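Raw contents of structure.cif, mmCIF, C-alpha atoms and all ligand atoms:
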data_data
#
loop_
_atom_site.label_atom_id
_atom_site.label_comp_id
_atom_site.auth_asym_id
_atom_site.auth_seq_id
_atom_site.Cartn_x
_atom_site.Cartn_y
_atom_site.Cartn_z
CA MET R 604 0.00 0.00 0.00
CA THR R 605 3.04 2.27 0.08
CA SER R 606 2.79 2.76 -3.66
CA GLU R 607 -0.60 4.49 -3.62
CA PRO R 608 -0.56 6.98 -6.48
CA ILE R 609 -0.16 10.59 -5.41
CA VAL R 610 -2.54 11.72 -8.14
CA GLN R 611 -5.32 9.63 -9.62
CA LEU R 612 -7.69 10.96 -12.25
CA TYR R 613 -11.06 9.68 -13.32
CA ALA R 614 -13.41 11.28 -15.85
CA GLU R 615 -16.91 10.13 -16.69
CA HIS R 616 -19.23 11.15 -19.47
CA LEU R 617 -22.89 10.11 -19.55
CA LEU R 618 -24.77 9.56 -22.78
CA ASN R 619 -26.60 12.65 -24.05
CA ILE R 620 -25.11 14.93 -21.43
CA ARG R 621 -22.73 17.66 -22.43
CA THR R 622 -20.73 17.76 -19.24
CA LEU R 623 -17.74 15.68 -18.33
CA THR R 624 -17.23 14.97 -14.64
CA LEU R 625 -13.60 14.90 -13.58
CA THR R 626 -12.43 13.61 -10.22
CA ALA R 627 -8.88 13.90 -8.94
CA SER R 628 -7.92 11.91 -5.86
CA LEU R 629 -4.80 13.27 -4.18
CA SER R 630 -2.83 11.59 -1.43
CA THR R 631 -2.19 14.99 0.17
CA GLU R 632 -4.28 18.17 0.15
CA SER R 633 -4.20 20.41 -2.89
CA THR R 634 -2.17 23.62 -2.80
CA PRO R 635 -2.11 26.78 -4.94
CA LEU R 636 0.58 24.99 -6.97
CA THR R 637 -1.75 22.12 -7.90
CA LYS R 638 -2.55 22.62 -11.59
CA ALA R 639 -4.81 21.04 -14.20
CA LYS R 640 -4.08 21.70 -17.85
CA ILE R 641 -5.48 20.56 -21.18
CA SER R 642 -3.02 19.62 -23.92
CA ALA R 643 -2.42 21.74 -27.02
CA ASP R 644 -4.43 19.32 -29.17
CA ALA R 645 -7.16 19.16 -26.48
CA THR R 646 -7.03 15.35 -26.30
CA THR R 647 -5.56 14.91 -22.83
CA LEU R 648 -5.76 16.51 -19.42
CA THR R 649 -2.85 16.54 -17.00
CA LEU R 650 -3.02 17.31 -13.31
CA SER R 651 0.19 18.15 -11.46
CA HIS R 652 0.50 18.01 -7.71
CA GLU R 653 3.65 17.96 -5.60
CA GLU R 654 5.88 17.36 -8.61
CA VAL R 655 3.85 14.36 -9.68
CA SER R 656 1.44 14.42 -12.57
CA ALA R 657 -1.24 12.15 -14.00
CA THR R 658 -2.80 12.29 -17.45
CA ILE R 659 -6.06 11.05 -18.92
CA HIS R 660 -7.53 11.06 -22.40
CA LEU R 661 -10.56 13.25 -22.96
CA PRO R 662 -13.70 11.89 -24.64
CA LYS R 663 -13.69 14.71 -27.20
CA ALA R 664 -13.35 18.42 -27.41
CA ILE R 665 -13.66 20.43 -24.22
CA GLU R 666 -15.09 23.86 -24.98
CA GLY R 667 -12.25 26.33 -25.38
CA GLY R 668 -10.05 23.44 -24.38
CA ALA R 669 -6.72 23.66 -26.15
CA ASN R 670 -3.96 24.66 -23.73
CA ALA R 671 -6.54 25.74 -21.16
CA VAL R 672 -5.47 25.88 -17.53
CA LEU R 673 -8.47 24.86 -15.45
CA GLU R 674 -9.53 26.74 -12.39
CA LEU R 675 -9.38 24.49 -9.35
CA PRO R 676 -11.26 25.01 -6.08
CA LYS R 677 -9.30 27.38 -3.82
CA GLN R 678 -9.95 25.34 -0.71
CA ALA R 679 -7.34 22.69 0.09
CA THR R 680 -8.78 19.22 -0.50
CA LYS R 681 -7.80 15.66 -1.37
CA ASP R 682 -10.80 15.24 -3.64
CA LEU R 683 -11.12 17.65 -6.52
CA GLN R 684 -14.29 17.60 -8.59
CA LEU R 685 -14.68 19.52 -11.83
CA ARG R 686 -17.37 19.68 -14.47
CA LEU R 687 -16.21 20.45 -17.99
CA MET R 688 -18.42 21.44 -20.91
CA LEU R 689 -18.08 19.35 -24.05
CA GLU R 690 -18.55 20.76 -27.50
CA GLU R 691 -21.92 19.69 -28.76
CA HIS R 692 -21.28 18.10 -32.11
CA ASN R 693 -20.49 14.42 -32.48
CA HIS R 694 -18.70 13.94 -29.23
CA ARG R 695 -19.43 10.23 -29.33
CA SER R 696 -18.90 9.63 -33.01
CA HIS R 697 -15.70 7.70 -32.48
CA LEU R 698 -17.48 5.28 -30.19
CA ILE R 699 -20.74 4.81 -32.04
CA LYS R 700 -21.08 3.85 -35.65
CA ASP R 701 -23.14 6.19 -37.80
CA SER R 702 -25.35 3.58 -39.42
CA PRO R 703 -25.39 0.45 -37.31
CA ALA R 704 -26.58 -2.82 -38.74
CA LYS R 705 -29.60 -3.57 -36.62
CA ASN R 706 -29.45 -6.90 -34.92
CA GLY R 707 -32.92 -8.09 -34.12
CA ALA R 708 -34.43 -7.04 -30.84
CA LEU R 709 -31.19 -5.63 -29.53
CA GLN R 710 -31.17 -2.05 -28.55
CA GLU R 711 -29.55 -0.29 -31.43
CA ASP R 712 -26.19 0.17 -29.89
CA ASN R 713 -25.74 -3.20 -28.21
CA TRP R 714 -23.62 -4.44 -31.09
CA VAL R 715 -21.35 -7.40 -30.89
CA PRO R 716 -18.62 -8.58 -33.26
CA TRP R 717 -18.93 -11.57 -35.59
CA SER R 718 -22.46 -10.96 -36.82
CA ALA R 719 -23.67 -12.88 -39.86
CA PRO R 720 -23.24 -9.93 -42.27
CA SER R 721 -19.63 -9.51 -41.16
CA LEU R 722 -18.83 -13.23 -41.41
CA VAL R 723 -20.16 -13.71 -44.93
CA ARG R 724 -17.67 -11.08 -46.08
CA ARG R 725 -14.53 -12.94 -45.11
CA ARG R 726 -12.66 -16.20 -45.08
CA GLY R 727 -10.71 -17.59 -42.20
CA LYS R 728 -10.85 -20.00 -39.34
CA PHE R 729 -12.07 -20.00 -35.79
CA SER R 730 -9.84 -21.63 -33.24
CA CYS R 731 -9.92 -22.38 -29.52
CA ARG R 732 -9.15 -19.10 -27.77
CA ASN R 733 -7.19 -20.95 -25.13
CA CYS R 734 -4.83 -23.11 -27.22
CA GLY R 735 -5.31 -22.15 -30.88
CA THR R 736 -6.59 -25.53 -32.08
CA ALA R 737 -8.69 -25.05 -35.23
CA VAL R 738 -12.41 -25.54 -34.59
CA LEU R 739 -14.19 -24.23 -37.67
CA ASN R 740 -13.46 -22.95 -41.15
CA ASN R 741 -15.29 -19.97 -42.57
CA SER R 742 -15.40 -19.91 -46.36
CA PRO R 743 -18.62 -18.29 -47.56
CA SER R 744 -19.47 -19.37 -51.09
CA SER R 745 -20.03 -16.82 -53.79
CA GLY R 746 -23.05 -17.42 -56.01
CA SER R 747 -21.16 -19.14 -58.81
CA VAL R 748 -19.74 -22.00 -56.79
CA LYS R 749 -22.84 -22.79 -54.77
CA SER R 750 -23.44 -26.10 -56.53
CA ILE R 751 -20.23 -27.60 -55.18
CA ALA R 752 -20.91 -29.42 -51.94
CA PRO R 753 -18.94 -27.76 -49.15
CA PRO R 754 -16.46 -29.92 -47.26
CA GLU R 755 -17.28 -30.76 -43.68
CA ASP R 756 -16.13 -28.35 -40.98
CA THR R 757 -16.52 -25.41 -43.33
CA ILE R 758 -19.28 -22.85 -42.96
CA THR R 759 -20.40 -21.41 -46.28
CA LEU R 760 -23.42 -19.44 -45.11
CA TRP R 761 -24.14 -17.40 -41.98
CA LYS R 762 -27.50 -16.23 -40.67
CA ASP R 763 -28.35 -14.14 -37.65
CA LEU R 764 -30.87 -15.94 -35.47
CA PRO R 765 -34.31 -14.38 -35.87
CA ASN R 766 -35.50 -11.45 -33.79
CA GLU R 767 -37.93 -13.45 -31.72
CA ASN R 768 -35.03 -15.56 -30.56
CA TRP R 769 -34.89 -13.75 -27.25
CA ALA R 770 -36.93 -16.48 -25.58
CA GLU R 771 -34.36 -19.06 -26.61
CA MET R 772 -31.67 -16.71 -25.46
CA MET R 773 -33.21 -16.74 -22.02
CA ASP R 774 -33.48 -20.48 -22.33
CA PHE R 775 -29.71 -20.54 -22.74
CA TRP R 776 -29.35 -18.89 -19.36
CA HIS R 777 -31.86 -21.07 -17.60
CA CYS R 778 -31.19 -24.50 -19.06
CA HIS R 779 -27.49 -24.50 -18.58
CA LYS R 780 -27.60 -25.22 -14.89
CA PRO R 781 -26.43 -28.22 -12.92
CA ASP R 782 -29.77 -29.07 -11.30
CA THR R 783 -32.77 -29.77 -13.47
CA GLU R 784 -35.43 -29.40 -10.82
CA ASP R 785 -36.57 -25.99 -11.94
CA GLY R 786 -39.08 -27.62 -14.24
CA ILE R 787 -41.95 -25.20 -13.89
CA HIS R 788 -39.92 -22.16 -14.73
CA ASP R 789 -38.20 -23.85 -17.63
CA GLU R 790 -41.42 -25.12 -19.09
CA ALA R 791 -42.77 -21.59 -19.22
CA VAL R 792 -39.68 -20.39 -21.02
CA HIS R 793 -39.84 -23.21 -23.52
CA THR R 794 -43.50 -22.83 -24.30
CA LYS R 795 -43.03 -19.15 -24.89
CA GLY R 796 -40.06 -19.67 -27.18
CA TYR R 797 -41.42 -22.43 -29.31
CA ALA R 798 -44.98 -21.21 -29.45
CA ALA R 799 -43.54 -18.21 -31.23
CA GLY R 800 -42.52 -20.60 -34.00
CA SER R 801 -38.86 -19.83 -33.62
CA LYS R 802 -37.57 -23.39 -33.42
CA ILE R 803 -34.24 -23.56 -35.16
CA GLN R 804 -32.51 -26.67 -36.46
CA ALA R 805 -28.76 -26.79 -37.01
CA ILE R 806 -27.88 -27.26 -40.69
CA GLY R 807 -24.58 -28.58 -42.07
CA GLY R 808 -22.48 -25.85 -43.67
CA MET R 809 -24.54 -23.09 -42.08
CA GLY R 810 -23.77 -21.02 -39.01
CA PHE R 811 -26.58 -19.41 -37.03
CA VAL R 812 -25.35 -16.39 -35.12
CA ASP R 813 -26.56 -15.20 -31.74
CA ILE R 814 -25.10 -12.52 -29.49
CA ALA R 815 -22.72 -14.83 -27.70
CA TYR R 816 -22.72 -18.11 -29.61
CA PHE R 817 -22.85 -19.84 -32.99
CA LEU R 818 -25.34 -22.65 -33.52
CA LEU R 819 -23.60 -25.22 -35.71
CA ALA R 820 -24.04 -28.77 -36.95
CA SER R 821 -21.80 -31.00 -34.87
CA ASP R 822 -20.13 -32.40 -38.03
CA ASP R 823 -18.90 -28.92 -38.90
CA CYS R 824 -16.94 -28.57 -35.65
CA ARG R 825 -13.47 -30.02 -35.33
CA SER R 826 -11.55 -31.00 -32.19
CA ILE R 827 -14.55 -30.69 -29.90
CA LYS R 828 -15.62 -33.34 -27.42
CA THR R 829 -18.80 -33.58 -25.39
CA LYS R 830 -19.10 -34.31 -21.70
CA PRO R 831 -21.99 -36.11 -19.99
CA ASP R 832 -23.36 -32.78 -18.73
CA ASN R 833 -23.71 -31.69 -22.39
CA THR R 834 -20.93 -29.14 -22.24
CA LEU R 835 -18.49 -28.94 -25.16
CA HIS R 836 -14.74 -28.91 -24.66
CA CYS R 837 -11.63 -28.41 -26.76
CA LYS R 838 -10.07 -31.83 -27.40
CA GLN R 839 -6.60 -30.34 -27.12
CA CYS R 840 -6.76 -28.23 -23.94
CA ALA R 841 -10.16 -29.18 -22.45
CA ALA R 842 -11.33 -25.56 -22.27
CA GLU R 843 -15.12 -25.27 -22.23
CA VAL R 844 -16.21 -23.95 -25.61
CA GLY R 845 -19.97 -24.46 -25.69
CA MET R 846 -22.90 -26.74 -25.03
CA VAL R 847 -24.98 -29.29 -26.88
CA ASP R 848 -28.29 -27.90 -28.11
CA GLU R 849 -30.45 -31.01 -28.22
CA ARG R 850 -33.57 -29.29 -29.50
CA ALA R 851 -31.70 -27.76 -32.41
CA ASP R 852 -29.70 -30.96 -32.91
CA GLY R 853 -26.42 -29.06 -32.93
CA TYR R 854 -23.70 -27.35 -30.96
CA ARG R 855 -23.77 -23.91 -29.41
CA VAL R 856 -20.18 -22.72 -29.54
CA TRP R 857 -19.46 -19.64 -27.43
CA LYS R 858 -18.04 -16.75 -29.42
CA TRP R 859 -16.04 -15.70 -26.40
CA ALA R 860 -14.26 -19.08 -26.35
CA LEU R 861 -12.93 -18.57 -29.89
CA SER R 862 -10.33 -16.58 -31.77
CA TYR R 863 -10.57 -15.72 -35.46
CA MET R 864 -7.80 -15.69 -38.03
CA PRO R 865 -8.31 -14.60 -41.63
CA PHE R 866 -6.77 -16.98 -44.20
CA ASP R 867 -5.02 -14.22 -46.10
CA THR R 868 -2.98 -12.58 -43.35
CA ASN R 869 -0.14 -13.50 -41.07
CA LEU R 870 -1.73 -11.69 -38.17
CA PRO R 871 -2.12 -13.56 -34.90
CA PRO R 872 -5.64 -14.84 -34.13
CA GLY R 873 -7.93 -12.05 -32.99
CA ASN R 874 -10.51 -12.05 -30.23
CA HIS R 875 -12.31 -9.64 -27.94
CA ALA R 876 -12.25 -9.02 -24.20
CA ILE R 877 -14.47 -11.63 -22.58
CA VAL R 878 -16.04 -9.11 -20.22
CA LYS R 879 -17.50 -7.27 -23.23
CA TRP R 880 -19.44 -10.36 -24.26
CA ILE R 881 -20.76 -10.51 -20.69
CA SER R 882 -21.84 -6.87 -20.87
CA ALA R 883 -23.65 -7.55 -24.14
CA LEU R 884 -25.52 -10.47 -22.55
CA PHE R 885 -26.53 -8.39 -19.54
CA LEU R 886 -27.69 -5.54 -21.74
CA PHE R 887 -29.73 -7.97 -23.78
CA THR R 888 -31.23 -9.37 -20.60
CA ILE R 889 -32.28 -6.06 -19.05
CA GLU R 890 -33.62 -4.91 -22.40
CA ASN R 891 -35.80 -7.97 -22.89
CA GLN R 892 -36.81 -8.73 -19.32
CA GLY R 893 -37.50 -5.18 -18.24
CA VAL R 894 -35.34 -5.57 -15.14
CA ARG R 895 -32.23 -3.82 -13.95
CA LYS R 896 -31.08 -6.41 -11.41
CA ILE R 897 -29.48 -9.72 -12.32
CA ALA R 898 -28.54 -12.52 -9.93
CA VAL R 899 -25.58 -14.34 -11.47
CA HIS R 900 -24.53 -17.90 -10.64
CA ASP R 901 -21.59 -19.98 -11.79
CA THR R 902 -22.88 -23.12 -13.54
CA ALA R 903 -20.06 -25.17 -12.03
CA ASN R 904 -20.85 -24.01 -8.51
CA THR R 905 -23.84 -25.76 -7.00
CA SER R 906 -23.77 -23.65 -3.85
CA MET R 907 -26.30 -20.88 -3.49
CA SER R 908 -23.73 -18.10 -3.65
CA GLY R 909 -23.52 -15.66 -6.49
CA LEU R 910 -23.27 -12.06 -7.56
CA LEU R 911 -26.17 -9.64 -7.50
CA LEU R 912 -25.77 -6.95 -10.15
CA TRP R 913 -27.74 -3.76 -10.56
CA ILE R 914 -27.19 -2.26 -14.01
CA PHE R 915 -27.35 1.37 -12.99
CA THR R 916 -26.05 3.25 -16.03
CA PRO R 917 -26.03 1.08 -19.17
CA ASP R 918 -23.98 3.45 -21.31
CA LEU R 919 -21.21 5.87 -20.42
CA THR R 920 -17.60 6.52 -21.29
CA PHE R 921 -14.79 6.89 -18.80
CA SER R 922 -11.11 7.74 -18.72
CA SER R 923 -8.75 6.88 -15.90
CA SER R 924 -5.11 7.51 -15.11
CA TYR R 925 -4.96 3.94 -13.82
CA GLN R 926 -3.80 1.38 -16.39
CA PRO R 927 -3.65 -2.20 -15.16
CA PRO R 928 -0.54 -4.18 -16.19
CA ASN R 929 -0.80 -5.63 -19.72
CA SER R 930 -3.98 -3.68 -20.32
CA GLU R 931 -4.90 -2.69 -23.84
CA ARG R 932 -7.48 -0.21 -22.64
CA LEU R 933 -7.59 2.89 -24.81
CA ASP R 934 -9.56 5.67 -23.16
CA PRO R 935 -12.16 6.97 -23.40
CA THR R 936 -13.63 3.55 -22.70
CA ARG R 937 -17.26 2.70 -23.27
CA ALA R 938 -18.75 0.91 -20.27
CA MET R 939 -21.80 0.38 -18.13
CA LYS R 940 -21.86 1.24 -14.46
CA VAL R 941 -23.10 -1.53 -12.22
CA PHE R 942 -23.66 -1.82 -8.49
CA TRP R 943 -22.90 -5.27 -7.16
CA GLN R 944 -22.72 -7.40 -4.06
CA ASP R 945 -22.05 -11.01 -3.19
CA PHE R 946 -25.08 -12.90 -2.04
CA VAL R 947 -25.94 -16.28 -0.58
CA THR R 948 -29.52 -17.51 -0.73
CA GLN R 949 -30.93 -19.83 1.89
CA THR R 950 -31.89 -23.32 0.78
CA GLY R 951 -35.25 -23.26 -0.91
CA GLU R 952 -35.31 -19.51 -1.16
CA ASP R 953 -35.59 -18.10 -4.65
CA VAL R 954 -33.76 -14.92 -5.52
CA GLU R 955 -35.88 -14.66 -8.57
CA SER R 956 -38.63 -12.11 -8.29
CA THR R 957 -40.32 -9.77 -10.70
CA SER R 958 -37.47 -7.31 -10.33
CA VAL R 959 -34.49 -9.67 -10.42
CA GLU R 960 -33.56 -11.95 -13.30
CA GLU R 961 -31.61 -15.02 -12.24
CA VAL R 962 -29.01 -16.32 -14.68
CA ARG R 963 -26.28 -18.94 -14.76
CA ILE R 964 -23.09 -18.48 -16.73
CA PRO R 965 -20.14 -20.80 -17.42
CA SER R 966 -17.24 -20.63 -14.95
CA ARG R 967 -14.94 -18.93 -17.42
CA LEU R 968 -17.39 -16.02 -17.74
CA TYR R 969 -18.06 -15.94 -14.02
CA VAL R 970 -14.36 -15.63 -13.22
CA GLU R 971 -13.94 -12.88 -15.81
CA LEU R 972 -16.92 -11.04 -14.37
CA GLN R 973 -15.55 -11.24 -10.83
CA GLY R 974 -12.18 -9.99 -12.05
CA ALA R 975 -13.69 -7.02 -13.87
CA LEU R 976 -15.80 -6.06 -10.86
CA GLU R 977 -12.78 -6.14 -8.55
CA GLU R 978 -10.57 -4.34 -11.06
CA SER R 979 -12.91 -1.36 -10.99
CA LYS R 980 -11.69 -0.50 -7.51
CA ASN R 981 -8.46 0.67 -9.12
CA ILE R 982 -10.20 2.77 -11.73
CA LEU R 983 -12.84 4.56 -9.69
CA PRO R 984 -12.05 7.31 -7.17
CA VAL R 985 -12.14 6.00 -3.59
CA LYS R 986 -15.29 7.96 -2.80
CA SER R 987 -17.11 6.47 -5.79
CA GLN R 988 -16.34 2.83 -5.06
CA VAL R 989 -19.31 2.22 -2.78
CA PHE R 990 -22.91 3.39 -3.01
CA ARG R 991 -25.38 2.65 -0.19
CA GLY R 992 -23.84 -0.70 0.64
CA TRP R 993 -23.28 -1.69 -2.99
CA ASN R 994 -19.88 -1.97 -4.61
CA VAL R 995 -19.60 0.14 -7.75
CA ALA R 996 -17.96 -1.18 -10.90
CA LEU R 997 -17.47 -0.45 -14.58
CA LEU R 998 -17.99 -3.22 -17.13
CA PRO R 999 -16.50 -2.38 -20.54
CA ARG R 1000 -18.76 -2.59 -23.60
CA PHE R 1001 -18.06 -3.15 -27.28
CA GLN R 1002 -17.18 0.11 -29.00
CA GLY R 1003 -17.98 1.15 -32.54
CA ASN R 1004 -14.38 0.77 -33.67
CA GLU R 1005 -14.38 -2.91 -32.64
CA ILE R 1006 -17.43 -3.89 -34.63
CA ASP R 1007 -16.56 -5.47 -37.91
ZN ZN G 1 -8.09 -25.53 -26.72
ZN ZN G 2 -35.12 -24.52 -20.19
#
Just dump the structure as structure tokens.
Amino acid sequence: MTSEPIVQLYAEHLLNIRTLTLTASLSTESTPLTKAKISADATTLTLSHEEVSATIHLPKAIEGGANAVLELPKQATKDLQLRLMLEEHNHRSHLIKDSPAKNGALQEDNWVPWSAPSLVRRRGKFSCRNCGTAVLNNSPSSGSVKSIAPPEDTITLWKDLPNENWAEMMDFWHCHKPDTEDGIHDEAVHTKGYAAGSKIQAIGGMGFVDIAYFLLASDDCRSIKTKPDNTLHCKQCAAEVGMVDERADGYRVWKWALSYMPFDTNLPPGNHAIVKWISALFLFTIENQGVRKIAVHDTANTSMSGLLLWIFTPDLTFSSSYQPPNSERLDPTRAMKVFWQDFVTQTGEDVESTSVEEVRIPSRLYVELQGALEESKNILPVKSQVFRGWNVALLPRFQGNEID
């Protein structure tokens, strides 16, 4: 704890609001020599205090920003708060695409990578994110070669799952749990989903695309083995990569368990931060269930413990002078603000109520989620880390420049 930073900066910008809130946490009280200055190109802000300085990236133009020296409160304090006006035009344009491809029932800006339209435009292979073993080839056929039967383990056509698929999406959450005694609840989910006529069957050579998984024919997937609990695992490294979908007679392979490598480059396989897939799933859930609170369990953990999340602000951008080791974070970072706490339910008690959606996620996701929640303590100012008994955290979201 001796290496506490002398100056830590955090800036937050809410959607549709023209002010940027800047917080500086100092280890000693501010003095008349404490200075905050905006860079000549108005992209960064630096605060100097006791011969130490910290810098953050700004989310866009601050009004009259270039080279500006900001007026700080005269009173000595360890917690400086400033509100800065942003110029009105397009201050989120670098984060949000101008004309998003709409993806079913998703709120317009809950985009995720590897949608069907993006996959039909390229050729490459998906591999196990953990060990690099090839799982699936992507080689969309152009019209002229359609008559040639595609080889196995090659996808030649991609389709986004239909809009009304949300019921099956919820089914994904609810079915993938260790105990199968929750029959009444599940039955309701199933009836709803299939009454809507949205039953999907896996088809060889075709990939159905959901937010977080591909639905594939089992013959198209290489190096995958099944376990008795219907989970799918990489044959090489045993990482969990999906689950059997018995109703669709296929495999659901998690996008977040894969990397993608185009055939025509020497680039290393690409993937996306796992926590962003989690954020997309939570956003989808609150959007479709009309709730803001989610009780999250680890599928591999049969105890009644879990994480209770309250999605407080679904969309904001932040900048922080804290960079975790090996982080590729490039501020401003798009995120949602969540309040969270650990919880343990008593035997027989049901967390689920009209205002809380209960979900179960694979261990790999659960661990990532826990890590991201804890990591936020380093990003947020000390005074903003707790709110009325809840921990506060930031969960990064997919940004426009990541969507392909
Ligand atoms: Zn593997
Ligand atoms: Zn079910």
For this session: Name the closest residue to R:Val959 among the candidates R:Val894, R:Val941, R:Leu919, R:Leu689; distances are taken between atoms, counting all atoms listed in the file.
Result: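 So, comparing all the options, the nearest one is R:Val894.
From atom CA of R:Val985 back to atom CA of R:Ser651, the distance works out to 19.0 Å.
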Which residues come within 9 Å of R:Gly727, counting all atoms listed in the file, excluding same-chain residues fewer than 6 positions away, as a PDB file with C-alpha atoms, keeping the file's coordinate frame?
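As a result, around16.pdb now contains:
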ATOM      1  CA  LEU R 739     -14.190 -24.230 -37.670  1.00  0.00           C
ATOM      2  CA  ASN R 740     -13.460 -22.950 -41.150  1.00  0.00           C
ATOM      3  CA  ASN R 741     -15.290 -19.970 -42.570  1.00  0.00           C
ATOM      4  CA  SER R 742     -15.400 -19.910 -46.360  1.00  0.00           C
ATOM      5  CA  TYR R 863     -10.570 -15.720 -35.460  1.00  0.00           C
ATOM      6  CA  MET R 864      -7.800 -15.690 -38.030  1.00  0.00           C
ATOM      7  CA  PRO R 865      -8.310 -14.600 -41.630  1.00  0.00           C
ATOM      8  CA  PHE R 866      -6.770 -16.980 -44.200  1.00  0.00           C
ATOM      9  CA  ASP R 867      -5.020 -14.220 -46.100  1.00  0.00           C
TER      10      ASP R 867
END
Exercise. Counting only C-alpha atoms and all ligand atoms, what residues are within 8 Å of ligand ZN 1 (chain G), given as number ranges by chain?
Worked result: R: 730-736, 836-842
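Among the candidate residues R:Leu997, R:Ile964, R:Phe811, R:Arg850, the one lying nearest to ligand ZN 2 (chain G) is R:Arg850, with distances computed using all atoms listed in the file.
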For this session: Please provide as a PyMOL selection string all residues within 8 Å of stretch 619-636 of chain R, with the sequence filter that same-chain residues fewer than 2 positions apart are discarded (counting only C-alpha atoms).
Result: chain R and resi 607-617+638+652-653+677-691+984-985
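The spacing separating atom CA of R:Ile897 from atom CA of R:Glu977 amounts to 17.5 Å.
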For this session: Identify, on the basis of only C-alpha atoms, every residue whose closest approach to R:Leu910 does not exceed 9 Å; exclude the query and any residue fewer than 6 positions from it along the same chain; express the result as number ranges by chain.
Result: R: 897-900, 943-947, 973
Problem set entry | Distance in Å - atom CA of R:Ile758 versus atom CA of R:Ala860 |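 Computing it gives 17.8 Å between the two atoms.
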Exercise. Which one is closest to R:Asp644: R:Leu675, R:Ala664, R:Leu884, R:Leu835? Count all atoms listed in the file.
Worked result: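 Between R:Leu675, R:Ala664, R:Leu884, R:Leu835, the residue approaching R:Asp644 most closely is R:Ala664.
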Problem set entry | Shell around R:Phe817 at 8 Å using all atoms listed in the file, local window under 4 positions removed, as a ChimeraX atom specification | /R:810-813,854-858
Residues near R:Pro935, cut-off 9 Å, only C-alpha atoms, skip fewer than 3 positions along chain, as a short mmCIF file (atom, residue, chain, number, x, y, z; two decimals) with C-alpha atoms, keeping the file's coordinate frame:
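Result went into selection24.cif, see below:
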data_model
loop_
_atom_site.label_atom_id
_atom_site.label_comp_id
_atom_site.auth_asym_id
_atom_site.auth_seq_id
_atom_site.Cartn_x
_atom_site.Cartn_y
_atom_site.Cartn_z
CA ALA R 614 -13.41 11.28 -15.85
CA GLU R 615 -16.91 10.13 -16.69
CA ILE R 659 -6.06 11.05 -18.92
CA HIS R 660 -7.53 11.06 -22.40
CA LEU R 661 -10.56 13.25 -22.96
CA PRO R 662 -13.70 11.89 -24.64
CA LYS R 663 -13.69 14.71 -27.20
CA LEU R 698 -17.48 5.28 -30.19
CA THR R 920 -17.60 6.52 -21.29
CA PHE R 921 -14.79 6.89 -18.80
CA SER R 922 -11.11 7.74 -18.72
CA SER R 923 -8.75 6.88 -15.90
CA ARG R 932 -7.48 -0.21 -22.64
#
Exercise. Closest to ligand ZN 2 (chain G) among R:Asp756, R:Asp712, R:Glu931, R:Asp848, using all atoms listed in the file?
Worked result: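 Distance minimum relative to ligand ZN 2 (chain G) lands on R:Asp848.
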Seminar exercise, completed: Using all atoms listed in the file, the residue out of R:Ile914, R:Ala851, R:Leu650, R:Ala938 with shortest distance to R:Gln1002 is R:Ala938
Exercise. Nearest to ligand ZN 2 (chain G) among R:Asp918, R:Glu849, R:Asp832, R:Glu1005, with distances taken over only C-alpha atoms and all ligand atoms: which residue is it?
Worked result: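 Of the candidates, the smallest distance to ligand ZN 2 (chain G) is held by R:Glu849.
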